[in-house]
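Okay, entry-v9.cif is below, mmCIF, C-alpha atoms:
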data_data
loop_
_atom_site.label_atom_id
_atom_site.label_comp_id
_atom_site.auth_asym_id
_atom_site.auth_seq_id
_atom_site.Cartn_x
_atom_site.Cartn_y
_atom_site.Cartn_z
CA MET A 223 13.32 13.58 24.69
CA GLN A 224 9.97 15.34 24.66
CA ALA A 225 7.03 13.36 23.37
CA THR A 226 4.99 14.84 20.55
CA THR A 227 1.27 14.26 20.16
CA VAL A 228 0.01 13.17 16.75
CA ALA A 229 -3.21 11.78 15.37
CA MET A 230 -3.04 8.09 14.56
CA GLU A 231 -5.25 8.37 11.52
CA THR A 232 -2.81 10.71 9.77
CA HIS A 233 0.03 8.30 10.46
CA VAL A 234 3.03 9.43 12.32
CA PHE A 235 5.71 9.32 9.69
CA PRO A 236 5.66 12.99 8.58
CA MET A 237 5.96 14.02 12.21
CA LEU A 238 8.79 11.56 12.81
CA ASN A 239 10.59 12.84 9.78
CA ALA A 240 10.41 16.36 11.18
CA LEU A 241 11.50 15.17 14.61
CA SER A 242 14.37 13.29 13.08
CA GLN A 243 15.53 16.33 11.16
CA GLU A 244 15.33 18.39 14.31
CA GLY A 245 17.48 15.77 16.04
CA LYS A 246 14.78 15.08 18.61
CA MET A 247 14.16 11.46 17.76
CA LEU A 248 16.15 8.60 19.17
CA LYS A 249 18.93 7.91 16.66
CA ASN A 250 19.95 4.35 16.14
CA PRO A 251 20.60 1.96 13.26
CA VAL A 252 17.29 0.09 13.58
CA LEU A 253 15.13 3.20 13.34
CA ASP A 254 17.27 4.71 10.59
CA ARG A 255 16.85 1.54 8.51
CA LEU A 256 13.12 1.24 9.13
CA ILE A 257 12.42 4.89 8.37
CA LYS A 258 14.17 4.42 5.03
CA GLU A 259 12.12 1.28 4.37
CA VAL A 260 8.89 3.14 5.09
CA GLN A 261 10.02 6.05 2.91
CA ASN A 262 10.61 3.62 0.04
CA ASN A 263 7.45 1.72 0.72
CA ASN A 264 5.64 2.55 -2.46
CA ILE A 265 8.48 1.12 -4.49
CA THR A 266 9.22 -2.01 -2.50
CA MET A 267 5.83 -3.04 -1.18
CA ALA A 268 4.96 -5.42 -3.99
CA TYR A 269 8.35 -7.09 -3.69
CA ASP A 270 8.20 -7.34 0.09
CA ARG A 271 4.80 -8.92 -0.05
CA VAL A 272 6.17 -12.11 -1.53
CA HIS A 273 9.71 -11.93 -0.19
CA ASN A 274 10.80 -11.96 3.43
CA ARG A 275 8.22 -14.65 4.18
CA HIS A 276 10.78 -17.22 5.26
CA ASN A 277 9.69 -17.38 8.81
CA ARG A 278 6.04 -17.88 8.17
CA GLY A 279 4.74 -20.61 10.40
CA ARG A 280 7.07 -22.50 12.65
CA MET B 1202 -13.93 -12.14 -7.32
CA ILE B 1203 -10.72 -14.15 -7.45
CA ALA B 1204 -8.43 -13.39 -4.54
CA ARG B 1205 -4.71 -13.08 -4.98
CA LEU B 1206 -2.40 -15.84 -3.80
CA ASP B 1207 0.49 -14.50 -1.70
CA THR B 1208 1.82 -17.67 -0.15
CA VAL B 1209 1.43 -21.35 -0.84
CA LEU B 1210 2.76 -23.47 1.98
CA ILE B 1211 3.60 -27.05 1.06
CA LYS B 1212 3.69 -29.72 3.74
CA THR B 1213 6.39 -31.86 2.18
CA ALA B 1214 6.37 -34.26 5.14
CA SER B 1215 3.65 -34.78 7.73
CA ARG B 1216 5.90 -36.19 10.45
CA CYS B 1217 8.78 -34.73 12.43
CA ASN B 1218 12.08 -36.06 13.74
CA LEU B 1219 11.66 -33.86 16.84
CA ASP B 1220 8.91 -33.82 19.46
CA CYS B 1221 8.69 -30.18 20.58
CA SER B 1222 6.26 -29.76 23.45
CA TYR B 1223 4.60 -26.64 21.99
CA CYS B 1224 4.19 -27.90 18.42
CA TYR B 1225 0.99 -26.64 16.81
CA VAL B 1226 0.88 -29.67 14.51
CA TYR B 1227 1.33 -32.58 16.90
CA GLN B 1228 0.60 -31.19 20.36
CA GLY B 1229 -2.54 -29.19 19.52
CA LYS B 1230 -6.16 -30.01 18.79
CA ASP B 1231 -5.57 -31.30 15.27
CA THR B 1232 -5.48 -35.05 14.76
CA SER B 1233 -5.72 -35.13 10.96
CA TRP B 1234 -1.95 -35.46 10.51
CA ARG B 1235 -2.26 -39.10 11.59
CA GLN B 1236 -4.16 -39.89 8.38
CA GLN B 1237 -1.73 -38.03 6.11
CA PRO B 1238 0.92 -39.85 4.05
CA LYS B 1239 4.28 -39.40 5.73
CA ARG B 1240 5.62 -37.48 2.74
CA LEU B 1241 4.60 -36.21 -0.68
CA SER B 1242 4.29 -38.85 -3.39
CA ILE B 1243 5.77 -38.29 -6.85
CA GLU B 1244 2.23 -38.05 -8.23
CA THR B 1245 1.36 -35.31 -5.73
CA ILE B 1246 4.63 -33.47 -6.45
CA ASP B 1247 3.76 -33.42 -10.15
CA ALA B 1248 0.26 -32.17 -9.42
CA ILE B 1249 1.57 -29.40 -7.13
CA VAL B 1250 4.09 -28.23 -9.73
CA ASN B 1251 1.44 -28.20 -12.46
CA ARG B 1252 -1.01 -26.27 -10.28
CA LEU B 1253 1.63 -23.71 -9.34
CA LEU B 1254 2.53 -23.19 -13.01
CA GLU B 1255 -1.16 -22.91 -13.85
CA GLN B 1256 -1.66 -20.30 -11.11
CA SER B 1257 1.42 -18.34 -12.25
CA GLU B 1258 -0.28 -17.92 -15.61
CA LYS B 1259 -3.52 -16.75 -14.04
CA GLN B 1260 -2.19 -14.00 -11.76
CA LYS B 1261 0.37 -11.44 -12.77
CA GLU B 1262 1.83 -11.04 -9.28
CA GLY B 1263 4.30 -13.61 -7.99
CA PHE B 1264 3.77 -15.62 -4.83
CA ALA B 1265 5.92 -17.10 -2.11
CA ILE B 1266 6.39 -20.86 -1.86
CA VAL B 1267 7.17 -22.17 1.62
CA LEU B 1268 8.31 -25.74 2.32
CA HIS B 1269 7.06 -26.83 5.69
CA GLY B 1270 6.10 -29.86 7.72
CA GLY B 1271 6.44 -31.60 10.12
CA GLU B 1272 10.05 -31.48 9.19
CA PRO B 1273 10.23 -30.69 5.46
CA LEU B 1274 13.63 -32.36 4.98
CA LEU B 1275 12.03 -35.73 5.79
CA LEU B 1276 10.86 -35.70 2.17
CA GLY B 1277 14.41 -36.72 1.31
CA TYR B 1278 16.90 -35.47 -1.27
CA GLU B 1279 15.45 -37.18 -4.36
CA ARG B 1280 11.90 -35.94 -4.02
CA LEU B 1281 12.99 -32.51 -2.85
CA SER B 1282 15.21 -32.33 -5.92
CA LEU B 1283 12.32 -33.37 -8.14
CA LEU B 1284 9.96 -30.80 -6.62
CA LEU B 1285 12.45 -27.92 -6.66
CA THR B 1286 14.00 -28.46 -10.09
CA LYS B 1287 10.55 -28.75 -11.65
CA ILE B 1288 9.37 -25.53 -10.00
CA ARG B 1289 12.55 -23.67 -10.87
CA SER B 1290 12.49 -24.79 -14.50
CA ARG B 1291 9.52 -22.44 -14.95
CA LEU B 1292 9.24 -20.09 -11.98
CA SER B 1293 11.98 -17.54 -11.30
CA PRO B 1294 13.40 -16.81 -7.82
CA GLU B 1295 12.70 -13.12 -8.34
CA CYS B 1296 8.94 -13.56 -8.56
CA TYR B 1297 8.52 -16.90 -6.81
CA PRO B 1298 10.84 -17.05 -3.80
CA ILE B 1299 11.05 -20.47 -2.18
CA SER B 1300 11.88 -20.76 1.49
CA LEU B 1301 12.16 -23.65 3.89
CA GLN B 1302 11.55 -23.77 7.63
CA THR B 1303 13.57 -26.55 9.26
CA ASN B 1304 14.87 -27.68 12.63
CA GLY B 1305 18.25 -27.98 10.90
CA VAL B 1306 19.06 -31.47 12.16
CA LEU B 1307 18.95 -33.17 8.74
CA LEU B 1308 20.80 -30.50 6.77
CA ASP B 1309 23.74 -31.83 4.78
CA SER B 1310 26.00 -30.51 2.03
CA ASN B 1311 24.06 -32.24 -0.78
CA LEU B 1312 20.83 -30.60 0.31
CA LEU B 1313 22.53 -27.22 0.64
CA ASP B 1314 23.97 -27.55 -2.87
CA LEU B 1315 20.47 -28.34 -4.12
CA PHE B 1316 19.01 -25.32 -2.31
CA SER B 1317 21.77 -23.12 -3.71
CA GLU B 1318 21.09 -24.34 -7.27
CA THR B 1319 17.33 -23.91 -6.95
CA LYS B 1320 17.46 -20.74 -4.84
CA VAL B 1321 15.77 -21.94 -1.68
CA SER B 1322 16.48 -19.92 1.45
CA VAL B 1323 16.60 -21.70 4.78
CA SER B 1324 15.31 -20.54 8.16
CA VAL B 1325 16.21 -22.60 11.21
CA SER B 1326 14.00 -23.06 14.27
CA LEU B 1327 15.93 -22.46 17.50
CA ASP B 1328 14.60 -20.82 20.66
CA GLY B 1329 17.85 -19.36 22.06
CA GLY B 1330 20.81 -20.79 23.97
CA GLN B 1331 20.82 -24.43 25.03
CA SER B 1332 18.94 -24.02 28.32
CA THR B 1333 16.23 -22.01 26.56
CA ASN B 1334 16.04 -24.30 23.55
CA ASP B 1335 15.83 -27.40 25.76
CA ILE B 1336 12.62 -26.17 27.42
CA SER B 1337 10.54 -27.38 24.47
CA ARG B 1338 12.70 -28.47 21.53
CA VAL B 1339 13.47 -32.10 22.32
CA ASP B 1340 13.52 -35.32 20.31
CA HIS B 1341 11.17 -38.29 20.65
CA LEU B 1342 13.26 -39.58 23.57
CA GLY B 1343 12.97 -36.24 25.33
CA LYS B 1344 16.62 -35.41 24.69
CA SER B 1345 18.11 -32.06 23.79
CA THR B 1346 18.31 -31.24 20.08
CA TYR B 1347 20.42 -28.11 20.55
CA GLU B 1348 23.80 -29.48 19.43
CA LYS B 1349 22.34 -31.09 16.30
CA THR B 1350 20.62 -27.86 15.31
CA ILE B 1351 23.78 -25.83 15.94
CA ALA B 1352 25.70 -28.30 13.75
CA GLY B 1353 23.15 -27.73 10.99
CA ILE B 1354 23.51 -23.95 11.30
CA LYS B 1355 27.31 -24.23 11.17
CA LEU B 1356 27.07 -26.30 8.00
CA LEU B 1357 24.68 -23.76 6.51
CA LYS B 1358 27.01 -20.89 7.37
CA SER B 1359 30.02 -22.68 5.92
CA HIS B 1360 28.41 -23.14 2.50
CA ARG B 1361 29.84 -21.02 -0.31
CA ASP B 1362 26.35 -19.59 -0.92
CA SER B 1363 25.55 -19.02 2.74
CA ASN B 1364 24.81 -15.33 2.25
CA PHE B 1365 21.80 -16.31 0.18
CA LEU B 1366 20.95 -19.61 1.85
CA PHE B 1367 20.77 -18.62 5.51
CA ALA B 1368 17.63 -16.57 6.05
CA GLY B 1369 17.85 -16.52 9.85
CA THR B 1370 16.50 -18.12 12.98
CA LEU B 1371 12.92 -18.50 14.20
CA SER B 1372 12.25 -18.74 17.92
CA VAL B 1373 9.15 -19.36 19.96
CA ILE B 1374 9.25 -16.99 22.93
CA GLN B 1375 10.15 -18.68 26.21
CA ILE B 1376 9.35 -16.01 28.78
CA SER B 1377 11.21 -17.87 31.51
CA SER B 1378 14.43 -16.93 29.66
CA SER B 1379 15.25 -13.23 29.63
CA PRO B 1380 14.99 -11.37 26.33
CA GLN B 1381 18.58 -10.17 26.72
CA LYS B 1382 19.91 -13.70 27.23
CA THR B 1383 17.85 -15.00 24.31
CA TYR B 1384 18.96 -12.18 22.00
CA GLU B 1385 22.62 -12.55 22.92
CA SER B 1386 22.58 -16.35 22.51
CA LEU B 1387 21.08 -16.07 19.04
CA LYS B 1388 23.35 -13.18 18.09
CA GLU B 1389 26.38 -15.39 18.78
CA LEU B 1390 25.32 -17.38 15.69
CA ASN B 1391 25.36 -14.17 13.66
CA PRO B 1392 22.17 -14.91 11.72
CA PRO B 1393 20.98 -12.33 9.18
CA SER B 1394 17.74 -12.08 11.15
CA MET B 1395 16.09 -13.56 14.22
CA ASP B 1396 12.34 -13.76 14.21
CA PHE B 1397 10.04 -14.62 17.09
CA LEU B 1398 6.67 -16.28 17.50
CA LEU B 1399 4.27 -16.06 20.40
CA GLN B 1400 3.37 -19.28 22.16
CA ASP B 1401 0.12 -20.75 20.88
CA GLY B 1402 -2.92 -20.16 23.04
CA ASN B 1403 -6.43 -18.77 23.09
CA HIS B 1404 -9.20 -17.84 25.52
CA ASP B 1405 -9.90 -21.50 26.33
CA LYS B 1406 -6.27 -22.43 26.83
CA LEU B 1407 -4.01 -19.60 27.94
CA PRO B 1408 -0.48 -19.45 26.52
CA VAL B 1409 2.29 -20.78 28.74
CA GLY B 1410 3.17 -18.24 31.45
CA LYS B 1411 0.19 -15.97 30.85
CA LYS B 1412 -1.96 -15.45 33.96
CA ASP B 1413 -5.11 -14.03 32.40
CA PHE B 1414 -6.40 -11.84 29.58
CA ASN B 1415 -5.29 -8.61 31.28
CA SER B 1416 -1.80 -9.79 32.22
CA THR B 1417 1.15 -8.57 30.12
CA GLU B 1418 3.92 -11.12 30.58
CA TYR B 1419 4.61 -11.34 26.83
CA GLY B 1420 4.28 -7.58 26.37
CA GLU B 1421 6.91 -7.07 29.05
CA TRP B 1422 9.18 -9.68 27.48
CA LEU B 1423 8.85 -8.13 24.03
CA SER B 1424 9.38 -4.64 25.45
CA GLY B 1425 12.57 -5.95 27.04
CA LEU B 1426 13.61 -7.33 23.66
CA LEU B 1427 12.85 -3.94 22.10
CA ASP B 1428 15.16 -2.26 24.63
CA VAL B 1429 17.97 -4.71 23.88
CA TYR B 1430 17.42 -4.36 20.13
CA LEU B 1431 17.39 -0.59 20.03
CA SER B 1432 20.40 -0.27 22.30
CA ASP B 1433 22.58 -2.63 20.24
CA PRO B 1434 24.98 -0.64 18.02
CA LYS B 1435 25.20 -3.63 15.65
CA PRO B 1436 21.73 -5.13 15.81
CA ILE B 1437 20.51 -8.32 14.17
CA GLU B 1438 17.22 -7.68 12.41
CA ILE B 1439 14.10 -8.81 14.29
CA PRO B 1440 11.21 -8.95 11.79
CA TYR B 1441 8.57 -9.18 14.54
CA LEU B 1442 9.64 -5.82 16.01
CA ASP B 1443 10.53 -4.31 12.63
CA ASP B 1444 6.99 -4.93 11.40
CA LEU B 1445 5.43 -3.25 14.42
CA ILE B 1446 7.83 -0.29 14.30
CA LYS B 1447 7.16 0.17 10.58
CA LEU B 1448 3.42 0.07 11.22
CA CYS B 1449 3.86 2.70 13.95
CA LEU B 1450 5.71 4.79 11.36
CA GLY B 1451 2.79 4.48 8.94
CA GLY B 1452 4.31 1.67 6.88
CA VAL B 1453 3.14 -1.88 6.23
CA SER B 1454 3.85 -5.30 7.68
CA ASN B 1455 5.51 -8.14 5.79
CA LYS B 1456 3.72 -10.84 7.70
CA GLU B 1457 0.17 -11.90 8.40
CA GLY B 1458 -1.36 -11.12 11.78
CA ARG B 1459 -0.07 -7.55 12.05
CA GLY B 1460 -1.36 -4.40 10.38
CA SER B 1461 -4.45 -4.23 8.23
CA ASP B 1462 -3.31 -6.15 5.14
CA VAL B 1463 -4.91 -9.48 4.28
CA PHE B 1464 -2.65 -12.20 2.91
CA GLY B 1465 -3.89 -14.91 0.57
CA ILE B 1466 -2.48 -18.11 2.03
CA LEU B 1467 -3.17 -21.71 1.08
CA ILE B 1468 -1.74 -24.89 2.54
CA ILE B 1469 -1.15 -28.14 0.64
CA GLU B 1470 -1.00 -31.28 2.76
CA THR B 1471 1.07 -34.37 1.88
CA ASN B 1472 -1.99 -36.08 0.39
CA GLY B 1473 -2.59 -33.01 -1.80
CA GLU B 1474 -5.52 -31.66 0.21
CA ILE B 1475 -5.83 -27.89 0.06
CA ARG B 1476 -6.38 -26.26 3.45
CA LYS B 1477 -6.87 -22.87 5.03
CA ASN B 1478 -4.17 -21.16 7.09
CA ASP B 1479 -2.70 -24.01 9.12
CA THR B 1480 -2.28 -21.93 12.28
CA LEU B 1481 -6.07 -22.16 12.71
CA ARG B 1482 -5.76 -25.84 13.59
CA THR B 1483 -4.76 -24.95 17.16
CA ALA B 1484 -8.32 -23.75 17.81
CA PHE B 1485 -10.13 -27.04 17.19
CA ASP B 1486 -9.75 -30.22 15.19
CA GLY B 1487 -10.67 -29.44 11.59
CA ALA B 1488 -10.51 -25.64 11.95
CA ASP B 1489 -8.34 -25.40 8.82
CA PHE B 1490 -10.51 -27.62 6.59
CA PHE B 1491 -12.38 -26.27 3.60
CA GLN B 1492 -15.89 -27.68 3.48
CA HIS B 1493 -15.29 -29.68 0.30
CA ARG B 1494 -11.81 -30.92 1.23
CA ASN B 1495 -10.54 -30.19 -2.29
CA ASN B 1496 -7.34 -31.83 -3.48
CA ILE B 1497 -4.61 -30.36 -5.68
CA LEU B 1498 -4.81 -33.54 -7.78
CA GLU B 1499 -8.24 -32.47 -9.06
CA THR B 1500 -8.68 -28.80 -8.24
CA PRO B 1501 -6.92 -25.73 -9.65
CA ILE B 1502 -5.77 -23.21 -7.05
CA SER B 1503 -7.80 -20.48 -8.73
CA ASP B 1504 -11.00 -22.47 -8.08
CA ILE B 1505 -10.30 -22.25 -4.36
CA LEU B 1506 -9.36 -18.57 -4.50
CA ARG B 1507 -12.72 -17.65 -5.99
CA THR B 1508 -14.81 -19.40 -3.34
CA SER B 1509 -16.68 -17.44 -0.70
CA GLU B 1510 -15.23 -19.81 1.88
CA PHE B 1511 -11.68 -18.77 0.98
CA HIS B 1512 -12.76 -15.15 1.10
CA ARG B 1513 -14.28 -15.66 4.54
CA SER B 1514 -11.19 -17.42 5.83
CA SER B 1515 -9.00 -14.53 4.63
CA GLN B 1516 -11.35 -12.01 6.20
CA LEU B 1517 -10.85 -13.75 9.56
CA GLN B 1518 -7.80 -11.51 9.80
CA PHE B 1519 -10.12 -8.59 10.52
CA PRO B 1520 -11.34 -8.74 14.10
CA THR B 1521 -15.09 -8.53 14.66
CA GLU B 1522 -15.13 -7.85 18.37
CA GLN B 1523 -16.47 -4.35 19.10
CA SER B 1524 -13.65 -3.10 21.34
CA CYS B 1525 -11.14 -4.15 18.65
CA LYS B 1526 -13.03 -2.31 15.92
CA LYS B 1527 -12.98 0.89 18.00
CA CYS B 1528 -9.36 0.58 19.15
CA SER B 1529 -6.94 3.24 17.93
CA LEU B 1530 -4.14 0.66 17.71
CA LEU B 1531 -6.03 -1.68 15.37
CA GLU B 1532 -4.16 -0.53 12.26
CA ILE B 1533 -0.94 -1.60 13.96
CA CYS B 1534 -1.76 -4.81 15.83
CA GLY B 1535 -4.30 -5.90 13.21
CA GLY B 1536 -6.20 -7.70 15.94
CA GLY B 1537 -3.48 -10.36 16.08
CA MET B 1538 -3.61 -13.80 14.51
CA PRO B 1539 -7.12 -15.32 14.50
CA LEU B 1540 -5.89 -18.37 16.41
CA TYR B 1541 -5.21 -16.16 19.44
CA ARG B 1542 -8.81 -14.85 19.39
CA TRP B 1543 -10.50 -18.23 19.61
CA SER B 1544 -12.86 -19.31 22.39
CA SER B 1545 -15.35 -22.17 22.20
CA LYS B 1546 -18.02 -19.73 23.45
CA ASN B 1547 -17.57 -16.86 20.97
CA GLU B 1548 -15.42 -18.57 18.34
CA TYR B 1549 -13.20 -15.82 16.79
CA ASP B 1550 -15.34 -12.93 18.08
CA ASN B 1551 -12.92 -11.97 20.86
CA PRO B 1552 -9.90 -9.71 21.17
CA SER B 1553 -6.60 -11.55 20.91
CA ILE B 1554 -5.47 -13.25 24.08
CA TYR B 1555 -2.32 -11.15 23.52
CA CYS B 1556 -4.27 -7.85 23.23
CA LYS B 1557 -2.85 -6.29 26.40
CA ASP B 1558 0.65 -7.54 25.59
CA HIS B 1559 0.60 -5.86 22.19
CA GLU B 1560 -0.93 -2.70 23.62
CA LEU B 1561 1.98 -2.45 26.07
CA LEU B 1562 4.57 -3.17 23.38
CA ILE B 1563 3.12 -0.69 20.87
CA LYS B 1564 2.95 2.06 23.51
CA ASN B 1565 6.58 1.36 24.34
CA ILE B 1566 7.50 1.60 20.65
CA PHE B 1567 5.78 4.98 20.47
CA LYS B 1568 7.67 6.07 23.58
CA LYS B 1569 10.95 5.10 21.91
CA LEU B 1570 9.94 7.07 18.86
CA GLY B 1571 9.10 10.07 21.02
CA VAL B 1572 5.52 10.12 19.83
CA VAL B 1573 2.25 9.82 21.74
CA PRO B 1574 -0.79 9.06 19.56
CA CYS B 1575 -3.43 11.61 20.58
CA SER B 1576 -6.06 8.94 21.23
CA GLN B 1577 -3.70 7.34 23.74
CA LYS B 1578 -3.10 10.45 25.89
#

Step by step, read the file and then write its structure as structure tokens.
Amino acid sequence: MQATTVAMETHVFPMLNALSQEGKMLKNPVLDRLIKEVQNNNITMAYDRVHNRHNRGR
Amino acid sequence: MIARLDTVLIKTASRCNLDCSYCYVYQGKDTSWRQQPKRLSIETIDAIVNRLLEQSEKQKEGFAIVLHGGEPLLLGYERLSLLLTKIRSRLSPECYPISLQTNGVLLDSNLLDLFSETKVSVSVSLDGGQSTNDISRVDHLGKSTYEKTIAGIKLLKSHRDSNFLFAGTLSVIQISSSPQKTYESLKELNPPSMDFLLQDGNHDKLPVGKKDFNSTEYGEWLSGLLDVYLSDPKPIEIPYLDDLIKLCLGGVSNKEGRGSDVFGILIIETNGEIRKNDTLRTAFDGADFFQHRNNILETPISDILRTSEFHRSSQLQFPTEQSCKKCSLLEICGGGMPLYRWSSKNEYDNPSIYCKDHELLIKNIFKKLGVVPCSQK
């Protein structure tokens, strides 16, 4: 897999999306799930902010 | 400006039935727990419920409610029932999720029925298989607690509402146990998620197993965990790694201490005192105190949220150290939790003691993604 250089400040997601479509990115269930979560971020962010906090602290 | 409350963490009991060697409450710098009532009184429960209802009317966004301790189940069924049914009579699970972090030893079917009725999800602290868990998680006689915790998890999983109730496991990283062994031991329990915490430590007192600031023992361990995670065809979710991967993808973190979001967190002690983020107490005795030591019995939550002291404590999330502010990975690591930045010389004006560990891990995540940030060439 050839690494692709991207600027941090632009975020890497658009590039990853392109890589994924080209079949260049590592395919696995974790990354597939997380890419979908990031894609849906604008919708779910407010919900996630108060949910999924179970493991706060110890 | 009034800040937004994201999480209110309620110390339902200030003592614990276990005596874990790494505990940030009882083995750290803080001594104030000795003066706290052992558990919430009915008067304090009423005051907490009223203040939460009051706050829910003052901010349109919901907030998370976390039951914590010590061991939160030491509050006992009757008072837990009182607290939870009163909260749930007015605050919905959709906007006000309640979660509980427990060692699992005291779980029983009555409590699980109560948590099912009042929609309280349960996360269980367990560091891995027995040999890993026994390194630190022992009782007051120094004996293993593994079997009792496993029994609690089995009970939780056997409940008719287990799909909702069981939120997952929470493990403190023991780097002397391999990430693969730890992952596989926890996976045998088939939790919906397994989260991890770094060992407490700072520049004055290095975390267990860490040689110096530049060493990367935890970065290597976490990178090993990343390898195991990404190579598992049926992985169990690991929020710690998920958050960092999502941040690398340009997303956001769900948890404080990663990314650039600030979370509004308040702690309520068993006597009703309102405190700052309780993880700060590992730095020095009193690090989590507000100057005026306000109590929920007399003070509305919104009064605290509008203070400059609360604002400053929230802003601690942003690192001040110059190399952090210039670092291209800052948006991802967020500078780490403030407790890891502490030194008696510079206070919080240091990079995290885990800086090099996170740098290694984040670079390995980028490698897995097939991306090299240009500033890291």

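The two atoms in question, atom CA of Leu256 of chain A and atom CA of Lys1568 of chain B, are spaced 16.2 Å apart.
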
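Each of B:Thr1471, B:Asp1220, B:Ser1377, B:Asp1433 was checked against Gly1410 of chain B using all atoms listed in the file; the smallest atom-to-atom distance is that of B:Ser1377.
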
Distance filter 7 Å, all atoms listed in the file, chain B against chain A, as a PDB file with C-alpha atoms, in the coordinates of the input:
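After the write, selection-v5.pdb holds the following:
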ATOM      1  CA  ASP B1207       0.490 -14.500  -1.700  1.00  0.00           C
ATOM      2  CA  GLY B1263       4.300 -13.610  -7.990  1.00  0.00           C
ATOM      3  CA  PHE B1264       3.770 -15.620  -4.830  1.00  0.00           C
ATOM      4  CA  ALA B1265       5.920 -17.100  -2.110  1.00  0.00           C
ATOM      5  CA  PRO B1298      10.840 -17.050  -3.800  1.00  0.00           C
ATOM      6  CA  SER B1300      11.880 -20.760   1.490  1.00  0.00           C
ATOM      7  CA  LEU B1301      12.160 -23.650   3.890  1.00  0.00           C
ATOM      8  CA  GLN B1302      11.550 -23.770   7.630  1.00  0.00           C
ATOM      9  CA  SER B1324      15.310 -20.540   8.160  1.00  0.00           C
ATOM     10  CA  ALA B1368      17.630 -16.570   6.050  1.00  0.00           C
ATOM     11  CA  LEU B1371      12.920 -18.500  14.200  1.00  0.00           C
ATOM     12  CA  LEU B1431      17.390  -0.590  20.030  1.00  0.00           C
ATOM     13  CA  PRO B1434      24.980  -0.640  18.020  1.00  0.00           C
ATOM     14  CA  LYS B1447       7.160   0.170  10.580  1.00  0.00           C
ATOM     15  CA  CYS B1449       3.860   2.700  13.950  1.00  0.00           C
ATOM     16  CA  LEU B1450       5.710   4.790  11.360  1.00  0.00           C
ATOM     17  CA  GLY B1451       2.790   4.480   8.940  1.00  0.00           C
ATOM     18  CA  GLY B1452       4.310   1.670   6.880  1.00  0.00           C
ATOM     19  CA  ASN B1455       5.510  -8.140   5.790  1.00  0.00           C
ATOM     20  CA  LYS B1456       3.720 -10.840   7.700  1.00  0.00           C
ATOM     21  CA  LYS B1569      10.950   5.100  21.910  1.00  0.00           C
ATOM     22  CA  LEU B1570       9.940   7.070  18.860  1.00  0.00           C
ATOM     23  CA  GLY B1571       9.100  10.070  21.020  1.00  0.00           C
ATOM     24  CA  VAL B1572       5.520  10.120  19.830  1.00  0.00           C
ATOM     25  CA  VAL B1573       2.250   9.820  21.740  1.00  0.00           C
ATOM     26  CA  PRO B1574      -0.790   9.060  19.560  1.00  0.00           C
ATOM     27  CA  CYS B1575      -3.430  11.610  20.580  1.00  0.00           C
TER      28      CYS B1575
END

### Task
With a distance cut-off of 12 Å and only C-alpha atoms, select the neighbouring residues of Arg1542 of chain B, excluding the residue or stretch itself and same-chain residues fewer than 2 positions from it, and output the selection as a PyMOL selection string.
chain B and resi 1401-1408+1414+1458+1480-1481+1483-1484+1517-1522+1525+1535-1540+1544-1556

Go through the shown structure with the PyMOL selection byres ((chain B and resi 1340) around 12) and write out the matching residues as a JSON list (two decimals) with C-alpha atoms, in the coordinates of the input.
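Result file is out.json:
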[["chain", "number", "residue", "atom", "x", "y", "z"],
["B", 1217, "CYS", "CA", 8.78, -34.73, 12.43],
["B", 1218, "ASN", "CA", 12.08, -36.06, 13.74],
["B", 1219, "LEU", "CA", 11.66, -33.86, 16.84],
["B", 1220, "ASP", "CA", 8.91, -33.82, 19.46],
["B", 1221, "CYS", "CA", 8.69, -30.18, 20.58],
["B", 1222, "SER", "CA", 6.26, -29.76, 23.45],
["B", 1304, "ASN", "CA", 14.87, -27.68, 12.63],
["B", 1306, "VAL", "CA", 19.06, -31.47, 12.16],
["B", 1334, "ASN", "CA", 16.04, -24.30, 23.55],
["B", 1335, "ASP", "CA", 15.83, -27.40, 25.76],
["B", 1336, "ILE", "CA", 12.62, -26.17, 27.42],
["B", 1337, "SER", "CA", 10.54, -27.38, 24.47],
["B", 1338, "ARG", "CA", 12.70, -28.47, 21.53],
["B", 1339, "VAL", "CA", 13.47, -32.10, 22.32],
["B", 1341, "HIS", "CA", 11.17, -38.29, 20.65],
["B", 1342, "LEU", "CA", 13.26, -39.58, 23.57],
["B", 1343, "GLY", "CA", 12.97, -36.24, 25.33],
["B", 1344, "LYS", "CA", 16.62, -35.41, 24.69],
["B", 1345, "SER", "CA", 18.11, -32.06, 23.79],
["B", 1346, "THR", "CA", 18.31, -31.24, 20.08],
["B", 1347, "TYR", "CA", 20.42, -28.11, 20.55],
["B", 1348, "GLU", "CA", 23.80, -29.48, 19.43],
["B", 1349, "LYS", "CA", 22.34, -31.09, 16.30],
["B", 1350, "THR", "CA", 20.62, -27.86, 15.31]]

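Atom CA of Val1325 of chain B lies 26.1 Å from atom CA of Ser1290 of chain B.
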
### Message
Translate the PyMOL selection byres ((chain B and resi 1510) around 12) into a concrete residue list for this structure, as JSON, numbers by chain.
### Response
{"B": [1203, 1204, 1476, 1477, 1489, 1490, 1491, 1492, 1493, 1494, 1504, 1505, 1506, 1507, 1508, 1509, 1511, 1512, 1513, 1514, 1515, 1516, 1517]}

### Message
Residue by residue, what does the PyMOL selection byres ((chain B and resi 1379) around 12) grab here? Present the result as a PyMOL selection string.
### Response
chain B and resi 1328-1330+1332-1333+1374-1378+1380-1386+1418-1419+1421-1426+1429

### Task
Extract, using only C-alpha atoms, all DNA, RNA and protein residues at most 9 Å from Asp1231 of chain B, discarding same-chain residues fewer than 6 positions from it, and format them as a ChimeraX atom specification.
/B:1225,1482-1488
